[in-house]
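Novice: Structure provided below as structure tokens; questions to follow.
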Amino acid sequence: MSSTIQITFDAHDPRALSQFWRDVLGYVHPGPPGVRLEPGADPLAAWDEFLETSGVPEERRNSASALEDPDGSGPRIFFQQVPEDKAAKNRVHLDVRTASELRGEERMDALEAECARLLALGATRLARHEPEAPTSIGFIVMADPEGNEFCLD
């Protein structure tokens, strides 16, 4: 039997970072445990109400956040609040695969278009790597709002 995985990000602001990655990946915030959300309901508002009625102190209400793939095929992503800053380059990173079937200039144009969208969400562009046959088809390195590197592939 295989295992499933959850990807965990350390963050200063789990809620904001989860909103960034929600918009990047098309994931969704799950509702609170035992709460049935009506279609179109805001899961973050449901969480606010749940945490308040559960008596969670206000200063602890942004200690974690999570995302799920609405299709159920991708890994769950969890964001946990930590006090320390990011200190070095990631040893593991995400590849956001938006143009993996494309090649050449068409691929790089598609990556540039996605890069522009992510910059508007708060990402930072770090580097563009041109295609170098036969080992690389080209990619763009970016960072999320808290400095975690990822690649557009």
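To be explicit about the labels: the chains of the structure tokens are called A, B, and onward in the order shown, and within each one the residues are counted from 1, while ligands get numbers from 1 in the order they are shown.
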Quick one: pick out all strand (DSSP E) residues within range 6-144 of chain A from a backbone DSSP run and write them as a PyMOL selection string.

Specialist: chain A and resi 6-11+64-67+76-81+94-96+124-129+139-143

Novice: Got time to write the residues from that selection, N, CA and C atoms, as an mmCIF file, in the first residue's frame?

Specialist:
```cif
data_model
loop_
_atom_site.group_PDB
_atom_site.id
_atom_site.type_symbol
_atom_site.label_atom_id
_atom_site.label_comp_id
_atom_site.auth_asym_id
_atom_site.auth_seq_id
_atom_site.Cartn_x
_atom_site.Cartn_y
_atom_site.Cartn_z
ATOM 1 N N GLN A 6 1.550 15.107 2.368
ATOM 2 C CA GLN A 6 1.105 16.477 2.600
ATOM 3 C C GLN A 6 2.354 17.329 2.508
ATOM 4 N N ILE A 7 2.271 18.437 1.825
ATOM 5 C CA ILE A 7 3.397 19.368 1.732
ATOM 6 C C ILE A 7 3.159 20.441 2.787
ATOM 7 N N THR A 8 4.167 20.691 3.619
ATOM 8 C CA THR A 8 4.036 21.660 4.707
ATOM 9 C C THR A 8 4.990 22.821 4.496
ATOM 10 N N PHE A 9 4.442 24.032 4.603
ATOM 11 C CA PHE A 9 5.215 25.263 4.540
ATOM 12 C C PHE A 9 5.284 25.876 5.934
ATOM 13 N N ASP A 10 6.477 26.260 6.380
ATOM 14 C CA ASP A 10 6.604 27.117 7.551
ATOM 15 C C ASP A 10 6.332 28.540 7.081
ATOM 16 N N ALA A 11 5.610 29.314 7.882
ATOM 17 C CA ALA A 11 5.198 30.648 7.438
ATOM 18 C C ALA A 11 5.043 31.595 8.613
ATOM 19 N N ALA A 64 -2.332 28.242 11.612
ATOM 20 C CA ALA A 64 -2.282 27.217 10.574
ATOM 21 C C ALA A 64 -3.350 27.486 9.524
ATOM 22 N N SER A 65 -3.127 26.936 8.349
ATOM 23 C CA SER A 65 -4.098 26.981 7.268
ATOM 24 C C SER A 65 -3.804 25.791 6.362
ATOM 25 N N ALA A 66 -4.786 25.395 5.555
ATOM 26 C CA ALA A 66 -4.580 24.236 4.684
ATOM 27 C C ALA A 66 -5.285 24.442 3.354
ATOM 28 N N LEU A 67 -4.804 23.718 2.367
ATOM 29 C CA LEU A 67 -5.418 23.708 1.035
ATOM 30 C C LEU A 67 -5.570 22.273 0.577
ATOM 31 N N ARG A 76 -2.397 17.422 -0.233
ATOM 32 C CA ARG A 76 -2.869 18.481 0.655
ATOM 33 C C ARG A 76 -1.663 19.359 0.968
ATOM 34 N N ILE A 77 -1.897 20.656 1.130
ATOM 35 C CA ILE A 77 -0.826 21.585 1.483
ATOM 36 C C ILE A 77 -1.192 22.231 2.807
ATOM 37 N N PHE A 78 -0.247 22.230 3.734
ATOM 38 C CA PHE A 78 -0.472 22.743 5.086
ATOM 39 C C PHE A 78 0.516 23.875 5.353
ATOM 40 N N PHE A 79 0.049 24.920 6.004
ATOM 41 C CA PHE A 79 0.865 26.090 6.345
ATOM 42 C C PHE A 79 0.847 26.234 7.858
ATOM 43 N N GLN A 80 2.028 26.226 8.471
ATOM 44 C CA GLN A 80 2.106 26.350 9.928
ATOM 45 C C GLN A 80 2.935 27.571 10.302
ATOM 46 N N GLN A 81 2.469 28.266 11.315
ATOM 47 C CA GLN A 81 3.147 29.493 11.737
ATOM 48 C C GLN A 81 4.403 29.155 12.528
ATOM 49 N N LEU A 94 8.692 23.316 -5.042
ATOM 50 C CA LEU A 94 7.621 22.916 -5.938
ATOM 51 C C LEU A 94 7.952 23.343 -7.360
ATOM 52 N N ASP A 95 7.592 22.511 -8.315
ATOM 53 C CA ASP A 95 7.592 22.876 -9.724
ATOM 54 C C ASP A 95 6.129 23.046 -10.110
ATOM 55 N N VAL A 96 5.741 24.255 -10.473
ATOM 56 C CA VAL A 96 4.382 24.522 -10.911
ATOM 57 C C VAL A 96 4.363 24.270 -12.412
ATOM 58 N N THR A 124 7.784 36.823 -6.602
ATOM 59 C CA THR A 124 8.979 37.524 -7.067
ATOM 60 C C THR A 124 9.664 36.658 -8.119
ATOM 61 N N ARG A 125 10.084 37.288 -9.193
ATOM 62 C CA ARG A 125 10.829 36.576 -10.243
ATOM 63 C C ARG A 125 12.296 36.562 -9.854
ATOM 64 N N LEU A 126 12.929 35.386 -9.904
ATOM 65 C CA LEU A 126 14.337 35.273 -9.538
ATOM 66 C C LEU A 126 15.252 35.036 -10.735
ATOM 67 N N ALA A 127 14.845 34.191 -11.689
ATOM 68 C CA ALA A 127 15.724 33.893 -12.826
ATOM 69 C C ALA A 127 14.938 33.195 -13.931
ATOM 70 N N ARG A 128 15.398 33.401 -15.153
ATOM 71 C CA ARG A 128 14.860 32.672 -16.312
ATOM 72 C C ARG A 128 15.980 31.796 -16.846
ATOM 73 N N HIS A 129 15.691 30.528 -17.056
ATOM 74 C CA HIS A 129 16.663 29.588 -17.599
ATOM 75 C C HIS A 129 16.187 29.154 -18.978
ATOM 76 N N PHE A 139 12.862 27.019 -17.937
ATOM 77 C CA PHE A 139 11.990 27.233 -16.781
ATOM 78 C C PHE A 139 12.270 28.606 -16.186
ATOM 79 N N ILE A 140 11.379 29.047 -15.290
ATOM 80 C CA ILE A 140 11.534 30.322 -14.593
ATOM 81 C C ILE A 140 11.518 30.050 -13.093
ATOM 82 N N VAL A 141 12.489 30.586 -12.372
ATOM 83 C CA VAL A 141 12.556 30.442 -10.920
ATOM 84 C C VAL A 141 11.885 31.657 -10.293
ATOM 85 N N MET A 142 11.004 31.397 -9.327
ATOM 86 C CA MET A 142 10.273 32.462 -8.637
ATOM 87 C C MET A 142 10.309 32.205 -7.139
ATOM 88 N N ALA A 143 9.800 33.154 -6.364
ATOM 89 C CA ALA A 143 9.646 32.973 -4.919
ATOM 90 C C ALA A 143 8.256 33.445 -4.521
#
```

Novice: Just want the 8 Å neighbourhood of range 31-40 of chain A, counted on only C-alpha atoms, with same-chain residues fewer than 5 positions away dropped. Output as a VMD selection string.

Specialist: chain A and resid 46 to 47 50

Novice: Using only C-alpha atoms, can you tell me which of A:Glu130, A:Glu106, A:Asp69, A:Glu49 comes closest to Arg22 in chain A?

Specialist: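 Closest residue, counting only C-alpha atoms: A:Asp69.
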
Novice: Take CA of Leu152 in chain A and CA of Ala88 in chain A and report the distance between them in Å, one decimal.

Specialist: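 We find that CA of Leu152 in chain A and CA of Ala88 in chain A lie 20.1 Å from each other.
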
Novice: From chain A, collect each residue whose DSSP state is helix (DSSP H, G or I) and return the set as an NGL selection string.

Specialist: :A and (14-25 or 43-53 or 58-60 or 104-121)

Novice: Pick out the closest residue to Pro83 in chain A from this set: A:Cys151, A:Ala133, A:Arg97, A:Ser63. Count only C-alpha atoms.

Specialist: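 With only C-alpha atoms as the atom set, the closest residue is A:Ser63.
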
Novice: Under the rule that only C-alpha atoms are counted, which of A:Gly26, A:Gly138, A:Gly74, A:Gly122 is the nearest residue to Leu102 in chain A?

Specialist: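 Looking at the shortest contact to Leu102 in chain A, the residue is A:Gly138.
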
Novice: Restricting the calculation to only C-alpha atoms, which member of A:Asn148, A:Thr53, A:Ser2, A:Asn62 is positioned closest to Ala123 in chain A?

Specialist: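 Counting only C-alpha atoms, the residue closest to Ala123 in chain A is A:Asn148.
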